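Scroll down for the structure; my scribbles are underneath it.
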There are 4 protein chains.
Amino acid sequence: MSDHRSSLPIVDFRSDNTGRAAPEIIAALAAANEGTAAGYGGDEWTALLQRRFSELFETGVRVFPVATGTAANALALAALSPSWGAVYCAEQAHVNTSEANATGFFSGGAKLTLVPGAHGKMAAESLTAALATAGIGQTHRSQPAAVTLTQASDLGAVYSLDEVRAVTALAKAHSIKAHMDGARFANALARLGCSPAELTWRAGIDVLSFGATKNGGLLCDAVVVFNPDIVPSLAVQLRRAGQVWSKMRFAAAQLIAYVEDGLWLRNARQANDIAARIAAGLRDLPGVAPLAPVEANEVFLQLSAATMDGLEADGVRFFRRPGNIARFVCRFDATPAEADALLASLRRHLAAAGR
Amino acid sequence: MSDHRSSLPIVDFRSDNTGRAAPEIIAALAAANEGTAAGYGGDEWTALLQRRFSELFETGVRVFPVATGTAANALALAALSPSWGAVYCAEQAHVNTSEANATGFFSGGAKLTLVPGAHGKMAAESLTAALATAGIGQTHRSQPAAVTLTQASDLGAVYSLDEVRAVTALAKAHSIKAHMDGARFANALARLGCSPAELTWRAGIDVLSFGATKNGGLLCDAVVVFNPDIVPSLAVQLRRAGQVWSKMRFAAAQLIAYVEDGLWLRNARQANDIAARIAAGLRDLPGVAPLAPVEANEVFLQLSAATMDGLEADGVRFFRRPGNIARFVCRFDATPAEADALLASLRRHLAAAGR
Amino acid sequence: MSDHRSSLPIVDFRSDNTGRAAPEIIAALAAANEGTAAGYGGDEWTALLQRRFSELFETGVRVFPVATGTAANALALAALSPSWGAVYCAEQAHVNTSEANATGFFSGGAKLTLVPGAHGKMAAESLTAALATAGIGQTHRSQPAAVTLTQASDLGAVYSLDEVRAVTALAKAHSIKAHMDGARFANALARLGCSPAELTWRAGIDVLSFGATKNGGLLCDAVVVFNPDIVPSLAVQLRRAGQVWSKMRFAAAQLIAYVEDGLWLRNARQANDIAARIAAGLRDLPGVAPLAPVEANEVFLQLSAATMDGLEADGVRFFRRPGNIARFVCRFDATPAEADALLASLRRHLAAAGR
Amino acid sequence: MSDHRSSLPIVDFRSDNTGRAAPEIIAALAAANEGTAAGYGGDEWTALLQRRFSELFETGVRVFPVATGTAANALALAALSPSWGAVYCAEQAHVNTSEANATGFFSGGAKLTLVPGAHGKMAAESLTAALATAGIGQTHRSQPAAVTLTQASDLGAVYSLDEVRAVTALAKAHSIKAHMDGARFANALARLGCSPAELTWRAGIDVLSFGATKNGGLLCDAVVVFNPDIVPSLAVQLRRAGQVWSKMRFAAAQLIAYVEDGLWLRNARQANDIAARIAAGLRDLPGVAPLAPVEANEVFLQLSAATMDGLEADGVRFFRRPGNIARFVCRFDATPAEADALLASLRRHLAAAGR
């Protein structure tokens, strides 16, 4: 059973969540399925998860497995912001566009405040301006509480370490907290070649939404907390949100397998490489260029409706966005053949349009 | 790896969530791990899940997989109650004692109103009295919105069909909705021997928290909706709550496997049988009797601290509750040997106490 | 214009809020209506209010005028409790019975937990028991956050200083905060004859809902904060709740006039005296006795429906409650003639019923 | 007592809420202070208020007095939007800039979505674009729920009837509701010269925040509901919000007096006239021009810091906003002499700067 037409090869760029799970992760579930284990995270797998991630991030962290990235983002931000807080994010940020008011809901009313910038990234200068006019201490204004960076960005670009640090320095200067939405954290890390620690707490991040699902995970992401102050309230908020599995060992086992032997970075590199292959091929196609640097596993193009129709007729799957934008996301299990099929189809329909 | 002392045989009655997952469910995950699939429930497995459960319940239902029973309960009740609503529940109900205000939180303030009754069940006469003095239509009072029944109850008893119908008739007469917390729905069903339809919508239930985790499931429960009016708002509330997996096929596959070929009822019968074996053994032990009829997979006993210490010293695992109450929960994979070990240990320590 | 039949004398025990405002308070509004004044509490009247109340309470307090007692209670409790908190109250407490989930709403989900006791008061022993089984530190349980005492109680009794201290000592021992719902604070104070300080912060109260409306006020109650830690978050929550008048001078002027020259205590004594006159008269009426000691300005009686019908036919106004309970509340401007008319009517109808 | 230096004449443009109350309104309070009256709006004044406003608006309306404009706005919008809704407003709208997340809070998470436009007004074309990309029916997006227009705008301009209708036609076409924030409704009405009905329900408005405080009111604004569907849920939400006074007669009496014999429109014309006098005077001052048409009682100017310092040194009171913006608001009791003093001071300091 699968939802594509079986007679055609898969050319599927709809999302990284249309892909499979890494077989290692399913194997880890089977391996964890022995004996009994204390519920709600009192088990040995969850204890091991804390140790593995603390080694990985080179500091003592607290890892809370959660079902989805929306849960990770909204609950992390709710732990950082009071209900009268302002949370600064890029305009294209997933928390703003795609989570149905989850941040406002879980925080009891916190307001997302949009900060302009290029390529789906918040510009530090824009954040400076926003904070300067925020009315800190005035009871009729939302009070600055947190900033959230999407890494990689929602247009497929990646914040450099300096860009992250510029934002978190502003946060620290205004006594607000910094969150990173790492739904594609592994893709950004693979791009930058730095360590997980460098990209997070050493760069001033208090809490990370650690994505696994989009990169070969199964049913589990995580909140990774660097700032211990928020752990107690976050723990009870997660429990209340129905995000604490009673059979937690099976969530912990997924995340342990995900980072074991570098699986997560291998997966991310595969996805990034396919995106890079597409970007390279686009250089030969006149009149079409990515809307943002292709630095992770996504390519955004502005295409005519006719061209998009043509791609679809060829069996290329992708999502259309307002403004004639086509989004192509590379799965960890995408193949070079898919990239080449996309490029070939694109070349054909662009040429037809150009005649 | 497991969290018991490996040199001893397992005698673990801490909870049904300390048990394994049924191997069939893990196998189903592996089988679903091929090709690509649309995200967020747009896939073929989720479509099949709707059909299978509609057959199972003999009516068109909408099934929403969720991570936990707390999520199922709180979001179902939030879909039934406005923020100024009153939700009637038994005093021992899990929604009241063990979900950290989740119902109040997800509904924006709805108030749980406790209705007395025996054996963890709400008595219809008590609900009648509560509704009679609720102040319907008075703006300074919480307004009756829903009633929730825990089936099986949180003391291990089971509502008869007549008992369910008596409560839902009152709900209907007062234009409020009826929810069933079916964390142990299969155990109750196995006990009653009726059909899923008879125990739910035919008995007046609008929405069911369908538990799987405690009965051999892995990481997934569900909300099953019989009343189509609440589907649209529930759908967006689930999405906002971070309870909609992007790789939903892997959740749907679990639930399909759970009910395939009667797996769920076999598991439930196994767990119930172990509890019945304990209850039968208790009849020979003077001075100790279950606090409620043992009708599902739980046994509650009032024991002296010394007796509980003795059980623990023998390696029997269980949870203590306030008031010298010991809770023994039978897993789907519990064994007759565990029951017999419990009874032997209990006999020994009761006798010692009696000397 | 008034809503009683003008041909009959007023015999109105419906509530203390059916009464007039003290003329001194309306005069104070007129006096404050000169020149311009900074908005939102930046004016001189509001500054004076802080000083007057600090003198009155013999410590530096922060006074926030609010529109209603419900606002005072719910916002004070929301400042004391996180959304996952438990707030302990007497079963008959106004916050539980008459504020339409306001505490749950403003706190984002905090749960009122009912503590038994006689005469509408919480018994310290019952609170001890409730806290002992609260599951402090367990993420699946509401976490104890605050206790609230209604003074005078919702059955017309008054907590002694020792009773207040017994509850607040428990609160302190469990690191939770103590709130007093003083909708009838002046009535309790007049009864006890102690100082405002003795009944509040010296007895361990962190924050007080200071009622004025029921006791000759006009449109304004207040939150009086003794614990400075909660001031900043309460200030923004009040602003967000639409409880900060832009022309605050007119609210402050009411409260200043209310306590000027002991007006509030004179009013309270008048109301209490009428209630005492009724209670004294009841001693001569066989078969009817107040449900709680008449220690403030309310009398609760259990009467037959026929007797209540008879009272109403005589033009006596009062409210009926479930369980054949009649509530008689004495206004600050109630008269001895009203009390006597009630007693005469009652005597007549009780005698008729006794025949 | 007043907060200006008494030796100087008042030149106070800080806000319209620094002004006095109309003496007629205080007189009305005194007149209402006789006899007893049913609580919580069950009195004769509140009944009369419904009739008077229904006559005024030429249709049956429901009027709910509330303490503040923030309460009116947030509760009206919470009655129009589910917690997952999007509420469209102008960027400068008071609900966005000055109410500390109240809309998000009272609605349980609804998101304000900013719509560009000139002079503090939302442009219908921008709203068209925003609705076109809103993702209606997609569960991961906020769902369009309501639009709110500030009349007069927060930059002192006024929506024409055609401009209002263009926005409400879009609302109707998308099945969303229309709210008007009428904190300065009387000022806009006085400007347009149309009837209250024409500017509201006949132009497609469902609910109006009816401001009185800024225009000679005392302590009371109102929600005026044209769409009866929202009345029941709004009523309970107001009660729960602590916005229903028990002595409601004193709120109703204020609002009755406010519209009696055209008091409200007289007050508004006085305030508008002072603003017009300033605007006329500005035409003679080179290099300074209002940021938006002066159509109500506010004037916004961009001035150098030195000029603003000079004004303040002369005793002119006003508020500074980010971006070197000075706001001058004319009270209903502002005088031509104040306008002339402002103009003279401004002329002097602008000339000094120009030397």
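We name chains A, B, ... following the order of the structure tokens; residues begin at 1 in each chain, and ligands are numbered from 1 as shown.
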message = Would you mind listing, as number ranges by chain, all residues of chain B that have at least one atom within 8 Å of chain A, where only C-alpha atoms are what counts?
response = B: 1-4, 10, 12, 14-15, 17-21, 23, 26, 29-30, 32-39, 43-45, 67-72, 99-102, 105, 213, 218-219, 236, 239-247, 250-251
Spatial neighbours of Ala275 (chain B), 7 Å, only C-alpha atoms, chain gap at least 4 places, as an mmCIF file with C-alpha atoms, in the first residue's frame:
```cif
data_model
loop_
_atom_site.group_PDB
_atom_site.id
_atom_site.type_symbol
_atom_site.label_atom_id
_atom_site.label_comp_id
_atom_site.auth_asym_id
_atom_site.auth_seq_id
_atom_site.Cartn_x
_atom_site.Cartn_y
_atom_site.Cartn_z
ATOM 1 C CA ALA B 271 -5.174 -9.183 31.254
ATOM 2 C CA ALA B 279 -9.517 -12.108 42.749
ATOM 3 C CA VAL B 294 -12.691 -7.030 39.876
ATOM 4 C CA ASN B 297 -7.628 -5.886 34.844
ATOM 5 C CA GLU B 298 -7.142 -4.051 38.129
ATOM 6 C CA VAL B 299 -7.294 -5.082 41.774
ATOM 7 C CA CYS B 330 -2.477 -6.751 35.056
#
```
DSSP-assigned strand (DSSP E) among region 73-184 of chain C, expressed as an MDAnalysis selection string = chainID C and resid 85:90 111:115 143:150 177:182
Output file for the residues above (C-alpha atoms, as a PDB file, in the first residue's frame):
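Listed below is the output, selection36.pdb:
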```pdb
ATOM      1  CA  GLY C  85      -2.009  24.751  39.966  1.00  0.00           C
ATOM      2  CA  ALA C  86      -4.603  23.680  42.500  1.00  0.00           C
ATOM      3  CA  VAL C  87      -6.406  26.390  44.442  1.00  0.00           C
ATOM      4  CA  TYR C  88      -8.020  25.197  47.670  1.00  0.00           C
ATOM      5  CA  CYS C  89     -11.351  26.714  48.652  1.00  0.00           C
ATOM      6  CA  ALA C  90     -14.426  25.940  50.727  1.00  0.00           C
ATOM      7  CA  LYS C 111      -8.283  23.787  39.355  1.00  0.00           C
ATOM      8  CA  LEU C 112     -10.413  24.699  42.342  1.00  0.00           C
ATOM      9  CA  THR C 113     -10.100  21.925  44.881  1.00  0.00           C
ATOM     10  CA  LEU C 114     -12.899  21.802  47.436  1.00  0.00           C
ATOM     11  CA  VAL C 115     -12.066  21.542  51.127  1.00  0.00           C
ATOM     12  CA  GLN C 143       0.248  21.237  41.966  1.00  0.00           C
ATOM     13  CA  PRO C 144      -0.877  23.023  45.153  1.00  0.00           C
ATOM     14  CA  ALA C 145      -0.542  26.732  44.516  1.00  0.00           C
ATOM     15  CA  ALA C 146      -2.858  28.736  46.737  1.00  0.00           C
ATOM     16  CA  VAL C 147      -5.598  28.670  49.304  1.00  0.00           C
ATOM     17  CA  THR C 148      -8.465  31.132  49.386  1.00  0.00           C
ATOM     18  CA  LEU C 149     -10.600  31.994  52.408  1.00  0.00           C
ATOM     19  CA  THR C 150     -13.918  33.827  52.082  1.00  0.00           C
ATOM     20  CA  LYS C 177       0.153  31.360  48.881  1.00  0.00           C
ATOM     21  CA  ALA C 178      -2.890  32.604  50.802  1.00  0.00           C
ATOM     22  CA  HIS C 179      -5.675  34.762  49.399  1.00  0.00           C
ATOM     23  CA  MET C 180      -8.635  36.237  51.226  1.00  0.00           C
ATOM     24  CA  ASP C 181     -11.877  36.907  49.377  1.00  0.00           C
ATOM     25  CA  GLY C 182     -12.988  39.936  51.335  1.00  0.00           C
TER      26      GLY C 182
END
```
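Near Ser153 (chain D), within 7 Å and counting only C-alpha atoms, sit Gly120, Lys121 and Val158 of chain D, not including residues fewer than 5 positions from it in the same chain.
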request  = Using DSSP on the backbone coordinates, identify the residues of region 164-317 of chain D assigned to alpha helix (DSSP H); present them as a VMD selection string.
outcome  = chain D and resid 164 to 173 185 to 192 196 to 199 231 to 240 249 to 259 263 to 282 305 to 313
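Note that the spacing between CA of Ile176 (chain B) and CA of Val95 (chain C) amounts to 23.5 Å.
In this model, the gap between CA of Phe300 (chain C) and CA of Ala132 (chain B) comes to 20.3 Å.
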message = One number please: CA of Thr307 (chain C) to CA of Ala152 (chain C), in Å, one decimal.
response =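 Taking CA of Thr307 (chain C) and CA of Ala152 (chain C), their separation equals 27.4 Å.
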inquiry  = Could you check the closest approach to Leu131 (chain A) for each of D:Gly109, D:Asp340, D:Leu77, D:Pro322 and tell me which residue wins, using only C-alpha atoms?
reply    = D:Pro322
ask   = So which residues touch Ala252 (chain C) within 7 Å, counting only C-alpha atoms, skipping near sequence neighbours fewer than 5 positions away, as a ChimeraX atom specification?
value = /C:45-46,49,65
inquiry  = Set the distance at 10 Å and use only C-alpha atoms: which residues neighbour region 341-344 of chain B once local chain neighbours fewer than 6 positions away are removed? I'd like the list as a PyMOL selection string.
reply    = chain B and resi 9-13+277-282+284-285+311+314-317+328+335+350
Those same residues - N, CA and C atoms - I'd like them written as a compact mmCIF listing (two decimals), in the first residue's frame.
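Final output, saved to again-v5.txt:
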```txt
# COMPACT_ATOMS: atom_id res chain seq x y z
N PRO B 9 12.41 -13.43 38.61
CA PRO B 9 11.34 -13.40 37.61
C PRO B 9 10.53 -12.12 37.79
N ILE B 10 9.96 -11.66 36.70
CA ILE B 10 9.14 -10.45 36.75
C ILE B 10 7.84 -10.74 37.49
N VAL B 11 7.53 -9.93 38.49
CA VAL B 11 6.20 -9.92 39.12
C VAL B 11 5.81 -8.45 39.18
N ASP B 12 5.27 -7.96 38.11
CA ASP B 12 5.16 -6.51 37.93
C ASP B 12 3.70 -6.11 37.73
N PHE B 13 3.12 -5.53 38.75
CA PHE B 13 1.74 -5.07 38.68
C PHE B 13 1.66 -3.55 38.79
N ARG B 277 -7.91 -14.23 38.23
CA ARG B 277 -7.17 -15.26 38.97
C ARG B 277 -6.75 -14.74 40.35
N ILE B 278 -6.32 -13.50 40.37
CA ILE B 278 -5.96 -12.89 41.66
C ILE B 278 -7.21 -12.78 42.55
N ALA B 279 -8.29 -12.28 41.96
CA ALA B 279 -9.52 -12.11 42.75
C ALA B 279 -9.99 -13.44 43.32
N ALA B 280 -9.88 -14.48 42.50
CA ALA B 280 -10.30 -15.81 42.98
C ALA B 280 -9.42 -16.25 44.15
N GLY B 281 -8.13 -16.03 44.01
CA GLY B 281 -7.20 -16.40 45.08
C GLY B 281 -7.46 -15.63 46.36
N LEU B 282 -7.88 -14.39 46.22
CA LEU B 282 -8.11 -13.56 47.39
C LEU B 282 -9.25 -14.09 48.26
N ASP B 284 -9.68 -16.87 49.33
CA ASP B 284 -9.15 -17.77 50.36
C ASP B 284 -8.33 -17.04 51.41
N LEU B 285 -8.15 -15.74 51.22
CA LEU B 285 -7.31 -15.00 52.17
C LEU B 285 -8.20 -14.18 53.09
N LEU B 311 5.52 -7.48 50.55
CA LEU B 311 5.35 -7.77 49.13
C LEU B 311 6.56 -7.24 48.34
N ASP B 314 9.61 -9.18 48.60
CA ASP B 314 9.55 -10.41 47.78
C ASP B 314 9.69 -10.12 46.29
N GLY B 315 9.85 -8.86 45.92
CA GLY B 315 10.01 -8.55 44.49
C GLY B 315 8.72 -8.28 43.78
N VAL B 316 7.63 -8.18 44.51
CA VAL B 316 6.35 -7.85 43.86
C VAL B 316 6.29 -6.34 43.64
N ARG B 317 6.03 -5.94 42.44
CA ARG B 317 5.99 -4.52 42.12
C ARG B 317 4.55 -4.05 41.95
N PHE B 328 -2.92 -3.09 41.98
CA PHE B 328 -2.31 -4.14 41.17
C PHE B 328 -2.96 -4.14 39.79
N THR B 335 1.51 -12.97 33.44
CA THR B 335 1.40 -14.43 33.39
C THR B 335 0.69 -14.95 34.64
N LEU B 350 0.24 -11.65 55.11
CA LEU B 350 -1.00 -11.49 55.88
C LEU B 350 -0.99 -12.43 57.09
```
inquiry  = Counting only C-alpha atoms, which residue out of B:Val225, B:Ala47, B:Ile205, B:Leu189 sits closest to Glu295 (chain B)?
reply    =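 Checking each of B:Val225, B:Ala47, B:Ile205, B:Leu189 against Glu295 (chain B), counting only C-alpha atoms, the winner is B:Leu189.
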ask   = If you count only C-alpha atoms, which residues fall within 9 Å of Pro228 (chain B), apart from same-chain ones fewer than 4 positions away, as a list of chain:residue names?
value =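 So, after excluding close chain neighbours, the residues are B:Val61, B:Arg62, B:Asp206, B:Pro232.
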Please, could you write that set of residues out with N, CA and C atoms as an mmCIF file, in the first residue's frame?
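Below is the file that was written, selection_9.cif:
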```
data_model
loop_
_atom_site.group_PDB
_atom_site.id
_atom_site.type_symbol
_atom_site.label_atom_id
_atom_site.label_comp_id
_atom_site.auth_asym_id
_atom_site.auth_seq_id
_atom_site.Cartn_x
_atom_site.Cartn_y
_atom_site.Cartn_z
ATOM 1 N N VAL B 61 -17.516 6.500 11.530
ATOM 2 C CA VAL B 61 -16.854 7.237 12.603
ATOM 3 C C VAL B 61 -15.673 7.994 12.022
ATOM 4 N N ARG B 62 -15.214 8.979 12.772
ATOM 5 C CA ARG B 62 -13.970 9.650 12.425
ATOM 6 C C ARG B 62 -12.954 9.314 13.504
ATOM 7 N N ASP B 206 -21.110 10.279 22.561
ATOM 8 C CA ASP B 206 -20.789 11.127 21.416
ATOM 9 C C ASP B 206 -19.354 10.961 20.943
ATOM 10 N N PRO B 232 -15.057 19.179 12.822
ATOM 11 C CA PRO B 232 -14.208 20.264 12.300
ATOM 12 C C PRO B 232 -13.409 20.980 13.388
#
```
